[in-house]
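Peer 1: Structure: query-v6.cif, mmCIF, C-alpha atoms and all ligand atoms.
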data_structure
loop_
_atom_site.group_PDB
_atom_site.id
_atom_site.type_symbol
_atom_site.label_atom_id
_atom_site.label_comp_id
_atom_site.auth_asym_id
_atom_site.auth_seq_id
_atom_site.Cartn_x
_atom_site.Cartn_y
_atom_site.Cartn_z
ATOM 1 C CA MET A 1 -74.190 54.482 -81.170
ATOM 2 C CA ASN A 2 -73.826 56.471 -84.404
ATOM 3 C CA ASP A 3 -72.304 59.946 -83.844
ATOM 4 C CA LYS A 4 -73.922 61.259 -86.998
ATOM 5 C CA LYS A 5 -77.552 62.311 -87.017
ATOM 6 C CA VAL A 6 -79.898 59.632 -88.344
ATOM 7 C CA ALA A 7 -83.127 60.491 -90.191
ATOM 8 C CA LEU A 8 -85.992 58.302 -91.354
ATOM 9 C CA ILE A 9 -88.166 59.671 -94.152
ATOM 10 C CA THR A 10 -91.334 57.761 -95.014
ATOM 11 C CA GLY A 11 -92.456 57.512 -98.640
ATOM 12 C CA SER A 12 -89.043 58.550 -99.903
ATOM 13 C CA ASN A 13 -88.781 56.599 -103.154
ATOM 14 C CA ARG A 14 -90.098 59.658 -105.043
ATOM 15 C CA GLY A 15 -91.531 63.161 -104.739
ATOM 16 C CA ILE A 16 -90.896 65.418 -101.748
ATOM 17 C CA GLY A 17 -89.699 62.497 -99.598
ATOM 18 C CA LEU A 18 -86.851 61.499 -101.926
ATOM 19 C CA GLU A 19 -85.743 65.127 -102.288
ATOM 20 C CA THR A 20 -85.900 65.629 -98.506
ATOM 21 C CA ALA A 21 -83.663 62.591 -98.010
ATOM 22 C CA LYS A 22 -81.244 63.949 -100.624
ATOM 23 C CA GLN A 23 -81.047 67.399 -99.051
ATOM 24 C CA LEU A 24 -80.592 65.998 -95.521
ATOM 25 C CA GLY A 25 -78.006 63.527 -96.810
ATOM 26 C CA GLU A 26 -76.044 66.297 -98.512
ATOM 27 C CA LEU A 27 -75.776 67.940 -95.099
ATOM 28 C CA GLY A 28 -74.020 64.858 -93.720
ATOM 29 C CA ILE A 29 -77.029 63.222 -92.096
ATOM 30 C CA THR A 30 -77.467 59.460 -92.399
ATOM 31 C CA VAL A 31 -80.756 58.896 -94.202
ATOM 32 C CA ILE A 32 -83.029 55.874 -94.137
ATOM 33 C CA LEU A 33 -85.274 55.848 -97.178
ATOM 34 C CA THR A 34 -88.456 53.849 -97.046
ATOM 35 C CA ALA A 35 -90.895 52.604 -99.664
ATOM 36 C CA ARG A 36 -93.734 50.158 -99.893
ATOM 37 C CA GLN A 37 -91.582 47.964 -102.153
ATOM 38 C CA LEU A 38 -88.095 47.008 -100.927
ATOM 39 C CA GLU A 39 -86.671 47.339 -104.411
ATOM 40 C CA ALA A 40 -87.947 50.935 -104.729
ATOM 41 C CA ALA A 41 -86.375 51.843 -101.382
ATOM 42 C CA GLU A 42 -83.066 50.228 -102.302
ATOM 43 C CA THR A 43 -83.000 51.900 -105.720
ATOM 44 C CA ALA A 44 -83.675 55.323 -104.170
ATOM 45 C CA ALA A 45 -80.996 54.783 -101.505
ATOM 46 C CA GLN A 46 -78.543 53.641 -104.170
ATOM 47 C CA GLN A 47 -79.137 56.879 -106.139
ATOM 48 C CA LEU A 48 -78.117 58.857 -103.065
ATOM 49 C CA THR A 49 -75.197 56.579 -102.181
ATOM 50 C CA GLU A 50 -73.809 57.303 -105.636
ATOM 51 C CA LYS A 51 -73.807 61.007 -104.712
ATOM 52 C CA GLY A 52 -71.709 60.232 -101.620
ATOM 53 C CA ILE A 53 -74.630 60.214 -99.178
ATOM 54 C CA ASP A 54 -74.841 57.720 -96.310
ATOM 55 C CA ALA A 55 -78.189 56.203 -97.320
ATOM 56 C CA TYR A 56 -80.085 52.981 -96.536
ATOM 57 C CA GLY A 57 -83.295 51.631 -98.039
ATOM 58 C CA ILE A 58 -85.899 49.621 -96.150
ATOM 59 C CA GLN A 59 -89.402 48.369 -96.899
ATOM 60 C CA LEU A 60 -92.087 50.220 -94.982
ATOM 61 C CA ASP A 61 -95.740 50.375 -95.873
ATOM 62 C CA VAL A 62 -96.765 52.738 -93.087
ATOM 63 C CA THR A 63 -100.181 51.076 -92.832
ATOM 64 C CA ASN A 64 -98.616 47.683 -92.004
ATOM 65 C CA ASP A 65 -98.141 46.901 -88.277
ATOM 66 C CA GLU A 66 -95.360 44.330 -88.795
ATOM 67 C CA GLU A 67 -93.415 46.586 -91.159
ATOM 68 C CA ARG A 68 -93.571 49.485 -88.685
ATOM 69 C CA GLN A 69 -92.224 47.176 -85.963
ATOM 70 C CA ALA A 70 -89.530 45.842 -88.288
ATOM 71 C CA ALA A 71 -88.431 49.407 -89.162
ATOM 72 C CA ALA A 72 -88.021 50.225 -85.472
ATOM 73 C CA ALA A 73 -86.078 46.989 -84.862
ATOM 74 C CA TYR A 74 -83.788 47.742 -87.830
ATOM 75 C CA ILE A 75 -83.005 51.277 -86.619
ATOM 76 C CA SER A 76 -82.504 50.063 -83.056
ATOM 77 C CA SER A 77 -79.989 47.394 -84.022
ATOM 78 C CA LYS A 78 -78.146 49.437 -86.671
ATOM 79 C CA PHE A 79 -78.085 52.936 -85.189
ATOM 80 C CA GLY A 80 -79.399 52.707 -81.605
ATOM 81 C CA LYS A 81 -81.315 56.008 -81.940
ATOM 82 C CA LEU A 82 -83.311 58.169 -84.321
ATOM 83 C CA ASP A 83 -82.700 61.936 -84.492
ATOM 84 C CA ILE A 84 -85.198 62.914 -87.181
ATOM 85 C CA LEU A 85 -88.512 61.364 -88.196
ATOM 86 C CA ILE A 86 -90.176 62.814 -91.273
ATOM 87 C CA ASN A 87 -93.734 61.522 -91.600
ATOM 88 C CA ASN A 88 -93.903 62.259 -95.309
ATOM 89 C CA ALA A 89 -95.813 59.354 -96.892
ATOM 90 C CA GLY A 90 -99.239 60.485 -97.946
ATOM 91 C CA VAL A 91 -102.019 59.852 -100.406
ATOM 92 C CA ALA A 92 -104.759 61.946 -101.994
ATOM 93 C CA PRO A 93 -108.139 60.728 -103.165
ATOM 94 C CA LYS A 94 -107.945 59.668 -106.746
ATOM 95 C CA ASP A 95 -109.216 62.310 -109.199
ATOM 96 C CA SER A 96 -111.132 64.295 -106.609
ATOM 97 C CA LEU A 97 -108.757 67.033 -105.420
ATOM 98 C CA PHE A 98 -110.750 69.626 -107.338
ATOM 99 C CA VAL A 99 -114.242 68.255 -106.736
ATOM 100 C CA SER A 100 -116.461 69.561 -103.964
ATOM 101 C CA LYS A 101 -118.608 66.693 -102.689
ATOM 102 C CA THR A 102 -118.383 67.002 -98.946
ATOM 103 C CA ALA A 103 -121.409 64.997 -97.816
ATOM 104 C CA GLU A 104 -120.880 62.375 -100.515
ATOM 105 C CA THR A 105 -117.476 61.295 -99.216
ATOM 106 C CA THR A 106 -117.484 57.515 -99.078
ATOM 107 C CA LYS A 107 -116.392 55.202 -96.295
ATOM 108 C CA GLU A 108 -113.807 53.699 -98.663
ATOM 109 C CA GLU A 109 -112.278 57.110 -99.345
ATOM 110 C CA PHE A 110 -112.194 58.055 -95.632
ATOM 111 C CA ASN A 111 -110.585 54.708 -94.720
ATOM 112 C CA TYR A 112 -107.967 54.955 -97.472
ATOM 113 C CA ILE A 113 -106.991 58.534 -96.682
ATOM 114 C CA TYR A 114 -107.128 58.360 -92.864
ATOM 115 C CA ASP A 115 -105.270 55.053 -92.719
ATOM 116 C CA THR A 116 -102.195 56.483 -94.465
ATOM 117 C CA ASN A 117 -102.381 60.204 -93.685
ATOM 118 C CA PHE A 118 -103.382 60.039 -90.021
ATOM 119 C CA PHE A 119 -103.575 56.684 -88.181
ATOM 120 C CA SER A 120 -100.321 55.275 -89.562
ATOM 121 C CA ILE A 121 -98.444 58.435 -88.599
ATOM 122 C CA VAL A 122 -99.611 58.168 -84.996
ATOM 123 C CA TYR A 123 -98.738 54.448 -84.816
ATOM 124 C CA LEU A 124 -95.344 54.782 -86.533
ATOM 125 C CA THR A 125 -94.368 57.731 -84.358
ATOM 126 C CA ASN A 126 -95.311 55.772 -81.251
ATOM 127 C CA GLU A 127 -93.255 52.790 -82.455
ATOM 128 C CA LEU A 128 -90.203 55.013 -83.023
ATOM 129 C CA LEU A 129 -90.500 57.277 -79.965
ATOM 130 C CA PRO A 130 -88.216 55.162 -77.734
ATOM 131 C CA LEU A 131 -85.475 55.624 -80.363
ATOM 132 C CA ILE A 132 -86.193 59.340 -80.800
ATOM 133 C CA LYS A 133 -85.919 59.766 -77.028
ATOM 134 C CA LYS A 134 -82.346 58.430 -77.291
ATOM 135 C CA SER A 135 -81.417 61.371 -79.536
ATOM 136 C CA PRO A 136 -80.036 64.456 -77.794
ATOM 137 C CA ALA A 137 -82.507 66.653 -79.731
ATOM 138 C CA GLY A 138 -85.194 64.668 -81.539
ATOM 139 C CA ARG A 139 -87.179 66.303 -84.328
ATOM 140 C CA ILE A 140 -90.476 65.088 -85.788
ATOM 141 C CA VAL A 141 -91.899 66.649 -88.949
ATOM 142 C CA ASN A 142 -95.434 65.790 -90.026
ATOM 143 C CA LEU A 143 -96.195 66.536 -93.670
ATOM 144 C CA SER A 144 -99.463 68.353 -93.402
ATOM 145 C CA SER A 145 -100.889 70.920 -95.815
ATOM 146 C CA ILE A 146 -102.423 74.359 -95.971
ATOM 147 C CA LEU A 147 -105.522 72.306 -96.881
ATOM 148 C CA GLY A 148 -105.646 71.193 -93.234
ATOM 149 C CA SER A 149 -106.053 74.770 -91.993
ATOM 150 C CA LEU A 150 -109.552 75.337 -90.577
ATOM 151 C CA THR A 151 -108.895 79.071 -90.255
ATOM 152 C CA ILE A 152 -107.976 79.499 -93.914
ATOM 153 C CA HIS A 153 -110.810 77.258 -95.135
ATOM 154 C CA ALA A 154 -113.275 79.343 -93.110
ATOM 155 C CA GLN A 155 -112.444 82.401 -95.237
ATOM 156 C CA PRO A 156 -114.795 82.258 -98.280
ATOM 157 C CA GLU A 157 -112.314 84.147 -100.489
ATOM 158 C CA SER A 158 -109.268 82.124 -99.429
ATOM 159 C CA PRO A 159 -106.916 80.789 -102.106
ATOM 160 C CA ILE A 160 -107.862 77.236 -101.108
ATOM 161 C CA ALA A 161 -111.629 77.743 -101.356
ATOM 162 C CA GLY A 162 -111.687 75.556 -104.483
ATOM 163 C CA PHE A 163 -110.025 72.619 -102.717
ATOM 164 C CA ARG A 164 -112.759 71.377 -100.375
ATOM 165 C CA VAL A 165 -111.934 67.671 -100.235
ATOM 166 C CA LEU A 166 -113.248 66.489 -96.879
ATOM 167 C CA SER A 167 -111.261 63.257 -96.544
ATOM 168 C CA TYR A 168 -107.833 64.730 -97.320
ATOM 169 C CA ASN A 169 -108.336 68.118 -95.650
ATOM 170 C CA SER A 170 -109.801 66.741 -92.421
ATOM 171 C CA ALA A 171 -107.078 64.068 -92.145
ATOM 172 C CA LYS A 172 -104.454 66.839 -92.385
ATOM 173 C CA ALA A 173 -106.392 68.859 -89.765
ATOM 174 C CA ALA A 174 -106.395 65.771 -87.517
ATOM 175 C CA LEU A 175 -102.665 65.408 -88.127
ATOM 176 C CA ASN A 176 -102.238 69.021 -87.027
ATOM 177 C CA MET A 177 -103.954 68.172 -83.736
ATOM 178 C CA PHE A 178 -101.507 65.270 -83.330
ATOM 179 C CA THR A 179 -98.672 67.753 -83.877
ATOM 180 C CA ILE A 180 -100.010 70.166 -81.247
ATOM 181 C CA GLN A 181 -100.637 67.494 -78.603
ATOM 182 C CA LEU A 182 -97.432 65.527 -79.135
ATOM 183 C CA ALA A 183 -95.344 68.725 -79.176
ATOM 184 C CA ALA A 184 -96.759 69.719 -75.799
ATOM 185 C CA GLU A 185 -96.147 66.244 -74.340
ATOM 186 C CA LEU A 186 -92.559 65.953 -75.594
ATOM 187 C CA GLN A 187 -91.540 69.550 -74.924
ATOM 188 C CA PRO A 188 -89.985 68.716 -71.514
ATOM 189 C CA LEU A 189 -87.708 66.197 -73.282
ATOM 190 C CA GLY A 190 -86.431 68.752 -75.811
ATOM 191 C CA ILE A 191 -88.093 66.947 -78.723
ATOM 192 C CA LYS A 192 -89.762 69.262 -81.242
ATOM 193 C CA VAL A 193 -92.791 68.316 -83.338
ATOM 194 C CA ASN A 194 -94.082 70.484 -86.168
ATOM 195 C CA SER A 195 -96.431 70.276 -89.135
ATOM 196 C CA ALA A 196 -95.036 71.291 -92.521
ATOM 197 C CA HIS A 197 -96.920 72.715 -95.479
ATOM 198 C CA PRO A 198 -94.468 72.061 -98.311
ATOM 199 C CA GLY A 199 -96.232 74.308 -100.838
ATOM 200 C CA TRP A 200 -98.120 73.205 -103.925
ATOM 201 C CA VAL A 201 -95.426 71.027 -105.393
ATOM 202 C CA GLN A 202 -94.835 69.392 -108.802
ATOM 203 C CA THR A 203 -95.222 65.784 -107.700
ATOM 204 C CA GLU A 204 -97.651 63.065 -108.638
ATOM 205 C CA LEU A 205 -99.823 64.026 -105.675
ATOM 206 C CA GLY A 206 -99.543 67.764 -106.368
ATOM 207 C CA GLY A 207 -100.522 67.313 -110.018
ATOM 208 C CA ASN A 208 -97.214 67.614 -111.841
ATOM 209 C CA GLU A 209 -98.228 70.223 -114.397
ATOM 210 C CA GLN A 210 -100.468 72.569 -112.435
ATOM 211 C CA ALA A 211 -98.344 73.010 -109.304
ATOM 212 C CA PRO A 212 -96.102 76.098 -109.192
ATOM 213 C CA MET A 213 -93.363 74.836 -106.858
ATOM 214 C CA SER A 214 -90.371 72.678 -107.799
ATOM 215 C CA ILE A 215 -89.662 69.507 -105.827
ATOM 216 C CA THR A 216 -86.337 71.036 -104.748
ATOM 217 C CA ASP A 217 -88.169 73.933 -103.074
ATOM 218 C CA GLY A 218 -90.962 71.649 -101.875
ATOM 219 C CA ALA A 219 -88.518 69.759 -99.641
ATOM 220 C CA LYS A 220 -87.118 72.887 -98.003
ATOM 221 C CA THR A 221 -89.746 73.269 -95.263
ATOM 222 C CA SER A 222 -89.303 69.642 -94.146
ATOM 223 C CA VAL A 223 -85.521 69.977 -94.155
ATOM 224 C CA SER A 224 -85.499 73.215 -92.168
ATOM 225 C CA LEU A 225 -87.929 71.822 -89.564
ATOM 226 C CA ALA A 226 -85.761 68.695 -89.248
ATOM 227 C CA LEU A 227 -82.791 70.894 -88.397
ATOM 228 C CA ILE A 228 -84.272 73.570 -86.110
ATOM 229 C CA GLY A 229 -82.346 74.406 -82.983
ATOM 230 C CA GLU A 230 -83.517 74.742 -79.394
ATOM 231 C CA ASP A 231 -85.025 78.147 -80.143
ATOM 232 C CA GLY A 232 -86.996 76.862 -83.162
ATOM 233 C CA PRO A 233 -90.771 76.450 -83.367
ATOM 234 C CA ASN A 234 -92.611 73.652 -81.575
ATOM 235 C CA GLY A 235 -96.192 72.556 -82.214
ATOM 236 C CA LYS A 236 -96.633 74.875 -85.207
ATOM 237 C CA LEU A 237 -97.757 74.671 -88.848
ATOM 238 C CA ILE A 238 -94.905 76.095 -90.940
ATOM 239 C CA HIS A 239 -94.366 76.899 -94.618
ATOM 240 C CA MET A 240 -90.915 78.135 -95.716
ATOM 241 C CA GLY A 241 -90.114 79.574 -92.292
ATOM 242 C CA GLU A 242 -93.502 81.288 -91.887
ATOM 243 C CA GLU A 243 -96.182 80.177 -89.436
ATOM 244 C CA LEU A 244 -99.616 79.414 -90.919
ATOM 245 C CA PRO A 245 -102.849 79.581 -88.884
ATOM 246 C CA TRP A 246 -104.513 76.366 -87.747
HETATM 247 N N1 LIG B 1 -97.327 67.865 -103.564
HETATM 248 C C1 LIG B 1 -98.012 68.807 -102.936
HETATM 249 O O1 LIG B 1 -98.402 69.822 -103.548
HETATM 250 C C2 LIG B 1 -98.306 68.679 -101.453
HETATM 251 C C3 LIG B 1 -98.955 69.753 -100.826
HETATM 252 C C4 LIG B 1 -99.216 69.670 -99.463
HETATM 253 C C5 LIG B 1 -98.864 68.525 -98.771
HETATM 254 N N2 LIG B 1 -98.254 67.482 -99.404
HETATM 255 C C6 LIG B 1 -97.902 66.310 -98.608
HETATM 256 O O2 LIG B 1 -96.535 66.006 -98.796
HETATM 257 C C7 LIG B 1 -96.312 64.591 -98.643
HETATM 258 C C8 LIG B 1 -95.506 64.061 -99.833
HETATM 259 O O3 LIG B 1 -96.294 64.270 -100.978
HETATM 260 P P1 LIG B 1 -95.729 64.215 -102.478
HETATM 261 O O4 LIG B 1 -96.337 65.354 -103.189
HETATM 262 O O5 LIG B 1 -94.262 64.001 -102.485
HETATM 263 O O6 LIG B 1 -96.484 62.888 -102.993
HETATM 264 P P2 LIG B 1 -96.053 61.740 -104.037
HETATM 265 O O7 LIG B 1 -95.068 62.242 -105.024
HETATM 266 O O8 LIG B 1 -97.338 61.177 -104.522
HETATM 267 O O9 LIG B 1 -95.283 60.700 -103.102
HETATM 268 C C9 LIG B 1 -95.965 60.086 -102.047
HETATM 269 C C10 LIG B 1 -95.040 59.091 -101.410
HETATM 270 O O10 LIG B 1 -95.751 58.467 -100.333
HETATM 271 C C11 LIG B 1 -95.625 57.061 -100.507
HETATM 272 N N3 LIG B 1 -96.728 56.332 -99.884
HETATM 273 C C12 LIG B 1 -98.039 56.398 -100.158
HETATM 274 N N4 LIG B 1 -98.715 55.535 -99.382
HETATM 275 C C13 LIG B 1 -97.797 54.905 -98.606
HETATM 276 C C14 LIG B 1 -97.860 53.892 -97.618
HETATM 277 N N5 LIG B 1 -99.011 53.324 -97.255
HETATM 278 N N6 LIG B 1 -96.704 53.506 -97.027
HETATM 279 C C15 LIG B 1 -95.541 54.060 -97.374
HETATM 280 N N7 LIG B 1 -95.388 54.983 -98.325
HETATM 281 C C16 LIG B 1 -96.526 55.399 -98.932
HETATM 282 C C17 LIG B 1 -95.552 56.849 -102.012
HETATM 283 O O11 LIG B 1 -95.024 55.570 -102.296
HETATM 284 P P3 LIG B 1 -95.434 54.720 -103.634
HETATM 285 O O12 LIG B 1 -94.449 55.132 -104.685
HETATM 286 O O13 LIG B 1 -95.317 53.306 -103.199
HETATM 287 O O14 LIG B 1 -96.850 55.103 -103.988
HETATM 288 C C18 LIG B 1 -94.597 57.980 -102.374
HETATM 289 O O15 LIG B 1 -93.270 57.631 -102.088
HETATM 290 C C19 LIG B 1 -97.710 63.970 -98.491
HETATM 291 O O16 LIG B 1 -97.972 63.726 -97.133
HETATM 292 C C20 LIG B 1 -98.646 65.045 -99.031
HETATM 293 O O17 LIG B 1 -99.934 64.966 -98.485
HETATM 294 C C21 LIG B 1 -97.964 67.546 -100.736
#
Just give me the structure as structure tokens.
Ligand SMILES: NC(=O)c1ccc[n+]([C@@H]2O[C@H](COP(=O)([O-])OP(=O)(O)OC[C@H]3O[C@@H](n4cnc5c(N)ncnc54)[C@H](OP(=O)(O)O)[C@@H]3O)[C@@H](O)[C@H]2O)c1

Peer 2:
Amino acid sequence: MNDKKVALITGSNRGIGLETAKQLGELGITVILTARQLEAAETAAQQLTEKGIDAYGIQLDVTNDEERQAAAAYISSKFGKLDILINNAGVAPKDSLFVSKTAETTKEEFNYIYDTNFFSIVYLTNELLPLIKKSPAGRIVNLSSILGSLTIHAQPESPIAGFRVLSYNSAKAALNMFTIQLAAELQPLGIKVNSAHPGWVQTELGGNEQAPMSITDGAKTSVSLALIGEDGPNGKLIHMGEELPW
């Protein structure tokens, strides 16, 4: 079994995921980068290898049952355990992040968003849990969002009042419930599970030009939650070290 910590970061060919892999790799952690296209994963891993990072690229469309199973089999045979799982891959509805149309949300939009941002995370985590249980201190980080906070949305003057996108926001709220329940279940095993709000980050999803936060800073919450010690948070929604309300 590998003595070094091993981390898997989904959707890490670009954006916050790639930067998270880079920052974890620079700390000496073995990183497995995943992308929907094998070539994109290998290219991203190669970029990090050239910086001296121990990086591997594998194909993983998180919505694909066989690819989730294959990812688990790969990690099992190559590393025998998984210390850190970062459920980072996510999608936003096309062109509608600023449009309020709650009751008009279509079945297609719900299916697209929930499939990637909620169901796949539950199924992938379940697939990888036997390997995470082999780590002395497993850490699971679910990339959520402040947009999943019911408490903040319920405040009419909140800074996110203009971002009422039912499909995306409710999938992140559902993901937060997954975080809370799984954290409670795994607590006796010393495994910690938290939701991360990365900030409003300059990625494709964040809207490159409007977002105030750099990708470098956007990865920091994921990285810190991946590395928390025994006394760190469990079952919380965190942004840059601060707890946000559910
Ligand atoms: N950016 C923000 O302001 C912000 C704010 C709050 C939360 N978040 C969350 O942070 C996470 C990362 O977002 P980001 O801003 O870095 O987005 P991004 O730049 O658009 O990158 C998203 C990544 O997810 C991958 N992905 C999408 N669907 C996938 C699937 N079915 N299987 C595997 N990979 C898939 C994409 O791969 P392809 O290249 O193949 O499309 C890409 O690598 C998301 O969960 C997002 O909801 C972001």

Peer 1: Decode the PyMOL selection byres (((chain A and resi 214-222) around 10) and not hetatm) for the given file into explicit residues and return them as a ChimeraX atom specification.

Peer 2: /A:14-24,86-88,140-143,194-203,208,211-213,223-227,238-242

Peer 1: Show which residues sit within 6 Å of range 116-122 of chain A, as a PyMOL selection string. Count only C-alpha atoms, and ignore same-chain residues fewer than 3 positions away.

Peer 2: chain A and resi 62-63+90+113+125+171+175

Peer 1: Using all atoms listed in the file, can you tell me which of A:Thr102, A:Gly206, A:Gln46, A:Ile32 comes closest to Leu60 in chain A?

Peer 2: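 When distances to Leu60 in chain A are compared using all atoms listed in the file, the smallest one comes from A:Ile32.
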
Peer 1: Show me, as a PyMOL selection string, the residues that have an atom within 10 Å of Ile152 in chain A when counting only C-alpha atoms, minus same-chain residues fewer than 4 positions from it.

Peer 2: chain A and resi 146-148+156-161+244-246

Peer 1: Compare A:Ile53, A:Leu124, A:Ala137, A:Val91 by their minimum atom-to-atom distance to ligand LIG 1 (chain B), counting all atoms listed in the file, and give me the closest one.

Peer 2: A:Val91

Peer 1: Report, in Å to a single decimal, how far apart CA of Ile84 in chain A and CA of Lys4 in chain A are.

Peer 2: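 CA of Ile84 in chain A lies at a distance of 11.4 Å from CA of Lys4 in chain A.
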
Peer 1: Taking the file as I've supplied it (selection: the PyMOL selection byres (((chain A and resi 189) around 12) and not hetatm)), which residues are included? Please answer as a list in words.

Peer 2: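 Selected by the PyMOL selection byres (((chain A and resi 189) around 12) and not hetatm) in this file: Leu129, Pro130, Ile132, Lys133, Lys134, Ser135, Pro136, Ala137, Gly138, Arg139, Leu182, Ala183, Ala184, Glu185, Leu186, Gln187, Pro188, Gly190, Ile191, Lys192, Val193 and Glu230 of chain A.
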
Peer 1: Find, counting all atoms listed in the file, the residue in A:Asn234, A:Gln37, A:Asn126, A:Gln181 that gets nearest to Arg68 in chain A.

Peer 2: A:Asn126

Peer 1: Could you check the closest approach to ligand LIG 1 (chain B) for each of A:Tyr56, A:Phe163, A:Tyr74, A:Phe79 and tell me which residue wins, using all atoms listed in the file?

Peer 2: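 Among the listed residues, A:Phe163 lies closest to ligand LIG 1 (chain B).
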